[in-house]
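For reference, protein-v6.cif is printed below; it contains mmCIF, N, CA and C atoms.
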data_work
#
loop_
_atom_site.label_atom_id
_atom_site.label_comp_id
_atom_site.auth_asym_id
_atom_site.auth_seq_id
_atom_site.Cartn_x
_atom_site.Cartn_y
_atom_site.Cartn_z
N GLN A 24 -7.12 -5.21 -14.51
CA GLN A 24 -6.49 -5.80 -13.34
C GLN A 24 -5.00 -5.48 -13.35
N TRP A 25 -4.51 -5.01 -12.24
CA TRP A 25 -3.12 -4.60 -12.13
C TRP A 25 -2.16 -5.78 -12.05
N SER A 26 -0.97 -5.55 -12.60
CA SER A 26 0.11 -6.52 -12.44
C SER A 26 0.88 -6.16 -11.17
N LEU A 27 1.77 -7.04 -10.77
CA LEU A 27 2.59 -6.78 -9.59
C LEU A 27 3.48 -5.55 -9.82
N GLU A 28 3.99 -5.40 -11.02
CA GLU A 28 4.84 -4.23 -11.33
C GLU A 28 4.06 -2.93 -11.25
N GLU A 29 2.83 -2.93 -11.71
CA GLU A 29 1.98 -1.74 -11.61
C GLU A 29 1.66 -1.42 -10.15
N PHE A 30 1.47 -2.46 -9.35
CA PHE A 30 1.21 -2.28 -7.93
C PHE A 30 2.43 -1.64 -7.26
N LYS A 31 3.62 -2.17 -7.54
CA LYS A 31 4.85 -1.60 -6.99
C LYS A 31 4.99 -0.13 -7.40
N ALA A 32 4.72 0.16 -8.66
CA ALA A 32 4.83 1.53 -9.16
C ALA A 32 3.84 2.46 -8.45
N SER A 33 2.65 1.96 -8.14
CA SER A 33 1.65 2.79 -7.46
C SER A 33 2.10 3.12 -6.03
N ILE A 34 2.80 2.20 -5.39
CA ILE A 34 3.33 2.45 -4.05
C ILE A 34 4.42 3.51 -4.11
N SER A 35 5.31 3.40 -5.09
CA SER A 35 6.38 4.39 -5.25
C SER A 35 5.80 5.78 -5.54
N GLU A 36 4.79 5.81 -6.38
CA GLU A 36 4.14 7.09 -6.71
C GLU A 36 3.49 7.70 -5.48
N ALA A 37 2.81 6.89 -4.69
CA ALA A 37 2.17 7.38 -3.47
C ALA A 37 3.22 7.89 -2.49
N ARG A 38 4.34 7.19 -2.41
CA ARG A 38 5.42 7.62 -1.51
C ARG A 38 5.96 8.99 -1.92
N GLU A 39 6.16 9.18 -3.22
CA GLU A 39 6.66 10.46 -3.72
C GLU A 39 5.65 11.58 -3.49
N LYS A 40 4.38 11.28 -3.69
CA LYS A 40 3.32 12.26 -3.43
C LYS A 40 3.34 12.71 -1.98
N ARG A 41 3.50 11.73 -1.08
CA ARG A 41 3.52 12.03 0.35
C ARG A 41 4.74 12.87 0.71
N LYS A 42 5.89 12.55 0.14
CA LYS A 42 7.11 13.32 0.40
C LYS A 42 6.95 14.77 -0.02
N ALA A 43 6.14 15.02 -1.02
CA ALA A 43 5.93 16.37 -1.55
C ALA A 43 5.04 17.22 -0.65
N ASN A 44 4.39 16.59 0.34
CA ASN A 44 3.50 17.33 1.24
C ASN A 44 4.17 17.45 2.62
N PRO A 45 4.75 18.62 2.91
CA PRO A 45 5.48 18.77 4.18
C PRO A 45 4.59 18.74 5.43
N LYS A 46 3.29 18.83 5.24
CA LYS A 46 2.37 18.82 6.39
C LYS A 46 2.10 17.41 6.91
N LEU A 47 2.43 16.40 6.12
CA LEU A 47 2.15 15.02 6.49
C LEU A 47 3.45 14.24 6.68
N PRO A 48 3.46 13.29 7.61
CA PRO A 48 4.67 12.48 7.80
C PRO A 48 4.89 11.54 6.61
N ASN A 49 6.16 11.30 6.30
CA ASN A 49 6.48 10.37 5.22
C ASN A 49 6.05 8.96 5.60
N PHE A 50 5.85 8.12 4.59
CA PHE A 50 5.59 6.72 4.84
C PHE A 50 6.91 6.05 5.20
N ALA A 51 6.94 5.36 6.31
CA ALA A 51 8.16 4.67 6.74
C ALA A 51 8.43 3.46 5.84
N THR A 52 9.70 3.22 5.58
CA THR A 52 10.09 2.12 4.70
C THR A 52 9.59 0.77 5.22
N ASP A 53 9.73 0.54 6.51
CA ASP A 53 9.26 -0.75 7.06
C ASP A 53 7.74 -0.89 6.95
N MET A 54 7.01 0.21 7.08
CA MET A 54 5.56 0.17 6.92
C MET A 54 5.21 -0.17 5.47
N LEU A 55 5.93 0.43 4.52
CA LEU A 55 5.68 0.15 3.11
C LEU A 55 5.96 -1.32 2.78
N ARG A 56 6.99 -1.88 3.38
CA ARG A 56 7.30 -3.30 3.17
C ARG A 56 6.18 -4.19 3.69
N ARG A 57 5.68 -3.88 4.88
CA ARG A 57 4.59 -4.69 5.44
C ARG A 57 3.33 -4.57 4.58
N PHE A 58 3.03 -3.34 4.14
CA PHE A 58 1.89 -3.09 3.27
C PHE A 58 2.01 -3.93 2.00
N PHE A 59 3.16 -3.87 1.36
CA PHE A 59 3.39 -4.61 0.13
C PHE A 59 3.26 -6.11 0.35
N SER A 60 3.89 -6.60 1.41
CA SER A 60 3.84 -8.04 1.70
C SER A 60 2.41 -8.52 1.94
N TYR A 61 1.64 -7.73 2.66
CA TYR A 61 0.26 -8.10 2.94
C TYR A 61 -0.57 -8.13 1.65
N TRP A 62 -0.51 -7.08 0.87
CA TRP A 62 -1.40 -6.94 -0.27
C TRP A 62 -0.99 -7.75 -1.50
N ASN A 63 0.26 -8.22 -1.56
CA ASN A 63 0.61 -9.02 -2.73
C ASN A 63 0.56 -10.52 -2.44
N GLU A 64 0.03 -10.91 -1.29
CA GLU A 64 -0.10 -12.33 -0.96
C GLU A 64 -1.09 -13.00 -1.92
N PRO A 65 -0.66 -14.06 -2.59
CA PRO A 65 -1.55 -14.73 -3.54
C PRO A 65 -2.47 -15.75 -2.86
N ASP A 66 -3.62 -15.96 -3.50
CA ASP A 66 -4.50 -17.02 -3.02
C ASP A 66 -4.11 -18.32 -3.72
N ALA A 67 -4.88 -19.36 -3.54
CA ALA A 67 -4.56 -20.67 -4.12
C ALA A 67 -4.51 -20.64 -5.65
N LYS A 68 -5.24 -19.71 -6.26
CA LYS A 68 -5.27 -19.60 -7.72
C LYS A 68 -4.21 -18.64 -8.25
N GLY A 69 -3.45 -18.01 -7.35
CA GLY A 69 -2.38 -17.10 -7.77
C GLY A 69 -2.81 -15.65 -7.87
N LYS A 70 -4.05 -15.36 -7.55
CA LYS A 70 -4.53 -13.97 -7.60
C LYS A 70 -4.12 -13.27 -6.31
N MET A 71 -3.45 -12.12 -6.45
CA MET A 71 -2.98 -11.39 -5.27
C MET A 71 -4.11 -10.62 -4.61
N ARG A 72 -3.94 -10.40 -3.32
CA ARG A 72 -4.97 -9.76 -2.50
C ARG A 72 -5.42 -8.43 -3.10
N PHE A 73 -4.48 -7.60 -3.56
CA PHE A 73 -4.88 -6.30 -4.12
C PHE A 73 -5.69 -6.47 -5.40
N GLN A 74 -5.48 -7.56 -6.12
CA GLN A 74 -6.20 -7.80 -7.37
C GLN A 74 -7.65 -8.22 -7.13
N LYS A 75 -7.96 -8.64 -5.93
CA LYS A 75 -9.32 -9.10 -5.62
C LYS A 75 -10.23 -7.97 -5.13
N GLN A 76 -9.70 -6.76 -5.03
CA GLN A 76 -10.50 -5.63 -4.54
C GLN A 76 -11.31 -5.03 -5.68
N ASP A 77 -12.56 -4.66 -5.38
CA ASP A 77 -13.41 -4.03 -6.39
C ASP A 77 -12.92 -2.63 -6.73
N THR A 78 -12.45 -1.92 -5.73
CA THR A 78 -11.90 -0.58 -5.96
C THR A 78 -10.54 -0.51 -5.28
N TRP A 79 -9.69 0.38 -5.79
CA TRP A 79 -8.35 0.49 -5.22
C TRP A 79 -7.79 1.88 -5.48
N ALA A 80 -7.30 2.50 -4.44
CA ALA A 80 -6.54 3.75 -4.53
C ALA A 80 -5.38 3.58 -3.54
N THR A 81 -4.20 3.35 -4.07
CA THR A 81 -3.04 3.04 -3.23
C THR A 81 -2.80 4.10 -2.17
N ILE A 82 -2.85 5.36 -2.54
CA ILE A 82 -2.58 6.43 -1.57
C ILE A 82 -3.58 6.37 -0.41
N ASN A 83 -4.84 6.11 -0.70
CA ASN A 83 -5.85 6.01 0.36
C ASN A 83 -5.61 4.79 1.24
N ARG A 84 -5.26 3.68 0.63
CA ARG A 84 -4.98 2.47 1.41
C ARG A 84 -3.75 2.69 2.29
N LEU A 85 -2.73 3.36 1.76
CA LEU A 85 -1.53 3.63 2.55
C LEU A 85 -1.82 4.59 3.70
N ASN A 86 -2.64 5.59 3.45
CA ASN A 86 -3.01 6.53 4.53
C ASN A 86 -3.69 5.78 5.67
N THR A 87 -4.63 4.91 5.34
CA THR A 87 -5.32 4.12 6.35
C THR A 87 -4.36 3.20 7.08
N TRP A 88 -3.49 2.53 6.32
CA TRP A 88 -2.51 1.62 6.90
C TRP A 88 -1.60 2.37 7.87
N GLN A 89 -1.15 3.56 7.46
CA GLN A 89 -0.27 4.36 8.32
C GLN A 89 -0.99 4.80 9.60
N ASP A 90 -2.23 5.24 9.47
CA ASP A 90 -3.01 5.64 10.65
C ASP A 90 -3.11 4.49 11.64
N LYS A 91 -3.41 3.31 11.16
CA LYS A 91 -3.52 2.14 12.03
C LYS A 91 -2.17 1.80 12.63
N ASP A 92 -1.13 1.91 11.81
CA ASP A 92 0.23 1.61 12.26
C ASP A 92 0.66 2.54 13.39
N LEU A 93 0.39 3.82 13.22
CA LEU A 93 0.77 4.81 14.22
C LEU A 93 -0.04 4.66 15.51
N ASN A 94 -1.29 4.25 15.39
CA ASN A 94 -2.15 4.08 16.57
C ASN A 94 -1.83 2.82 17.37
N HIS A 95 -1.07 1.91 16.79
CA HIS A 95 -0.72 0.67 17.49
C HIS A 95 0.69 0.68 18.06
N LYS A 96 1.32 1.81 18.06
CA LYS A 96 2.68 1.90 18.61
C LYS A 96 2.65 2.39 20.02
#

Would it be possible to restate this file's structure as structure tokens?
Amino acid sequence: QWSLEEFKASISEAREKRKANPKLPNFATDMLRRFFSYWNEPDAKGKMRFQKQDTWATINRLNTWQDKDLNHK
């Protein structure tokens, strides 16, 4: 189970990976903040939303989040 620091590091890593691919748009800072705020929300027992997922790949979650974000503008 990931800690909050590991979760933050995975977001930074995904951001750097995306920056390295000139064919794809970078992740916007405000989008990353919303993503982080949503997924680190704790439940009544203190377990964060990202920790309750059976599987997790930050880059895939961010790609989906960005697609939804861009389609709602």

(message) Need the shell around segment 37-52 of chain A: protein/DNA/RNA residues with any atom at most 8 Å away, counting only N, CA and C atoms. Skip same-chain ones fewer than 3 positions apart. Format as number ranges by chain?
(response) A: 31-34, 55-58, 81-83, 85, 89

(request) Given the file shown, determine the residues that the PyMOL selection byres (((chain A and resi 71 and name CA) around 12) and name CA) selects; report them as a PyMOL selection string. (result) chain A and resi 24-27+30+59-70+72-76

(request) In Å, rounded to a single decimal, give me how far atom CA of Glu36 of chain A is from atom CA of Asp53 of chain A. (result)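 Between atom CA of Asp53 of chain A and atom CA of Glu36 of chain A the gap is 16.7 Å.
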
(request) Enter the distance from atom CA of Asp92 of chain A to atom CA of Met54 of chain A, in Å, rounded to one decimal. (result)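 Computing it gives 7.7 Å between the two atoms.
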
For segment 74-85 of chain A, take all atoms listed in the file, fit an axis-aligned box around them, add 4 Å to each of the six sides, then output centre and edge lengths in Å rounded to one decimal, as AutoDock Vina command-line options.
--center_x -7.5 --center_y -1.3 --center_z -1.8 --size_x 19.9 --size_y 23.5 --size_z 19.1

(request) Using atom CA of Glu28 of chain A and atom N of Thr87 of chain A as the two end points, give the distance in Å to one decimal. (result)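 Result for atom CA of Glu28 of chain A versus atom N of Thr87 of chain A: 21.2 Å, one decimal.
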
(request) Write down as JSON, numbers by chain the residues of chain A whose backbone DSSP state falls under helix (DSSP H, G or I). (result) {"A": [27, 28, 29, 30, 31, 32, 33, 34, 35, 36, 37, 38, 39, 40, 41, 42, 52, 53, 54, 55, 56, 57, 58, 59, 60, 61, 62, 72, 73, 74, 75, 81, 82, 83, 84, 85, 86, 87, 88, 89, 90, 91, 92, 93, 94]}

Extract segment 57-71 of chain A from the structure I just pasted (atoms: all heavy atoms) and return it as a compact mmCIF listing (two decimals), in the first residue's frame.
# COMPACT_ATOMS: atom_id res chain seq x y z
N ARG A 57 -5.98 19.19 -8.93
CA ARG A 57 -7.33 18.62 -8.74
C ARG A 57 -7.26 17.09 -8.62
O ARG A 57 -7.95 16.49 -7.79
CB ARG A 57 -8.25 19.01 -9.90
CG ARG A 57 -8.65 20.47 -9.88
CD ARG A 57 -9.76 20.81 -10.86
NE ARG A 57 -9.56 20.29 -12.21
CZ ARG A 57 -8.86 20.92 -13.16
NH1 ARG A 57 -8.29 22.07 -12.92
NH2 ARG A 57 -8.74 20.38 -14.36
N PHE A 58 -6.44 16.47 -9.47
CA PHE A 58 -6.23 15.03 -9.42
C PHE A 58 -5.73 14.61 -8.04
O PHE A 58 -6.28 13.70 -7.41
CB PHE A 58 -5.23 14.62 -10.51
CG PHE A 58 -4.89 13.16 -10.55
CD1 PHE A 58 -5.68 12.28 -11.26
CD2 PHE A 58 -3.76 12.67 -9.91
CE1 PHE A 58 -5.37 10.93 -11.32
CE2 PHE A 58 -3.44 11.33 -9.97
CZ PHE A 58 -4.24 10.46 -10.67
N PHE A 59 -4.70 15.29 -7.56
CA PHE A 59 -4.13 14.97 -6.26
C PHE A 59 -5.15 15.16 -5.14
O PHE A 59 -5.31 14.29 -4.28
CB PHE A 59 -2.89 15.84 -6.01
CG PHE A 59 -2.25 15.59 -4.68
CD1 PHE A 59 -1.47 14.47 -4.47
CD2 PHE A 59 -2.45 16.47 -3.63
CE1 PHE A 59 -0.89 14.23 -3.24
CE2 PHE A 59 -1.88 16.23 -2.38
CZ PHE A 59 -1.09 15.12 -2.19
N SER A 60 -5.85 16.28 -5.18
CA SER A 60 -6.85 16.55 -4.13
C SER A 60 -7.95 15.50 -4.10
O SER A 60 -8.38 15.07 -3.02
CB SER A 60 -7.48 17.92 -4.34
OG SER A 60 -6.54 18.93 -4.13
N TYR A 61 -8.39 15.09 -5.27
CA TYR A 61 -9.44 14.08 -5.34
C TYR A 61 -8.95 12.74 -4.79
O TYR A 61 -9.61 12.12 -3.96
CB TYR A 61 -9.92 13.91 -6.78
CG TYR A 61 -10.94 12.81 -6.95
CD1 TYR A 61 -12.28 13.05 -6.68
CD2 TYR A 61 -10.56 11.53 -7.37
CE1 TYR A 61 -13.23 12.03 -6.82
CE2 TYR A 61 -11.50 10.52 -7.51
CZ TYR A 61 -12.82 10.77 -7.23
OH TYR A 61 -13.75 9.76 -7.36
N TRP A 62 -7.82 12.27 -5.26
CA TRP A 62 -7.36 10.93 -4.94
C TRP A 62 -6.74 10.78 -3.55
O TRP A 62 -6.62 9.68 -3.05
CB TRP A 62 -6.40 10.41 -6.01
CG TRP A 62 -7.14 10.00 -7.24
CD1 TRP A 62 -7.19 10.66 -8.43
CD2 TRP A 62 -7.97 8.85 -7.40
NE1 TRP A 62 -8.00 9.99 -9.31
CE2 TRP A 62 -8.49 8.87 -8.71
CE3 TRP A 62 -8.34 7.80 -6.57
CZ2 TRP A 62 -9.35 7.89 -9.19
CZ3 TRP A 62 -9.19 6.82 -7.05
CH2 TRP A 62 -9.68 6.87 -8.34
N ASN A 63 -6.36 11.89 -2.91
CA ASN A 63 -5.79 11.72 -1.57
C ASN A 63 -6.82 12.01 -0.48
O ASN A 63 -6.49 12.05 0.70
CB ASN A 63 -4.53 12.57 -1.37
CG ASN A 63 -4.82 14.02 -1.05
OD1 ASN A 63 -5.93 14.50 -1.20
ND2 ASN A 63 -3.81 14.72 -0.62
N GLU A 64 -8.08 12.15 -0.84
CA GLU A 64 -9.13 12.38 0.15
C GLU A 64 -9.28 11.14 1.04
O GLU A 64 -9.50 10.03 0.55
CB GLU A 64 -10.46 12.68 -0.55
CG GLU A 64 -11.58 12.98 0.40
CD GLU A 64 -12.88 13.27 -0.32
OE1 GLU A 64 -12.93 13.23 -1.55
OE2 GLU A 64 -13.86 13.52 0.38
N PRO A 65 -9.18 11.31 2.36
CA PRO A 65 -9.29 10.16 3.25
C PRO A 65 -10.74 9.83 3.59
O PRO A 65 -11.61 10.70 3.58
CB PRO A 65 -8.55 10.63 4.51
CG PRO A 65 -8.70 12.11 4.51
CD PRO A 65 -8.77 12.53 3.05
N ASP A 66 -10.96 8.55 3.90
CA ASP A 66 -12.28 8.15 4.38
C ASP A 66 -12.29 8.30 5.91
O ASP A 66 -11.34 8.82 6.50
CB ASP A 66 -12.62 6.72 3.94
CG ASP A 66 -11.69 5.65 4.50
OD1 ASP A 66 -10.90 5.95 5.42
OD2 ASP A 66 -11.76 4.51 4.02
N ALA A 67 -13.34 7.86 6.54
CA ALA A 67 -13.48 8.01 8.00
C ALA A 67 -12.36 7.30 8.77
O ALA A 67 -12.02 7.70 9.88
CB ALA A 67 -14.83 7.50 8.45
N LYS A 68 -11.79 6.26 8.18
CA LYS A 68 -10.72 5.50 8.84
C LYS A 68 -9.34 6.04 8.50
O LYS A 68 -8.33 5.51 8.95
CB LYS A 68 -10.81 4.03 8.46
CG LYS A 68 -12.07 3.37 8.95
CD LYS A 68 -12.13 1.92 8.53
CE LYS A 68 -13.43 1.28 8.99
NZ LYS A 68 -13.53 -0.11 8.55
N GLY A 69 -9.27 7.06 7.64
CA GLY A 69 -7.99 7.66 7.28
C GLY A 69 -7.34 7.07 6.05
O GLY A 69 -6.25 7.47 5.67
N LYS A 70 -8.01 6.12 5.42
CA LYS A 70 -7.45 5.51 4.20
C LYS A 70 -7.79 6.41 3.01
O LYS A 70 -8.94 6.79 2.82
CB LYS A 70 -8.06 4.12 4.00
CG LYS A 70 -7.30 3.27 3.03
CD LYS A 70 -7.80 1.84 3.09
CE LYS A 70 -6.95 0.95 2.23
NZ LYS A 70 -7.39 -0.43 2.25
N MET A 71 -6.76 6.77 2.24
CA MET A 71 -6.97 7.67 1.11
C MET A 71 -7.56 6.92 -0.08
O MET A 71 -7.38 5.72 -0.24
CB MET A 71 -5.67 8.36 0.75
CG MET A 71 -5.29 9.41 1.78
SD MET A 71 -3.66 10.08 1.53
CE MET A 71 -2.71 9.01 2.60
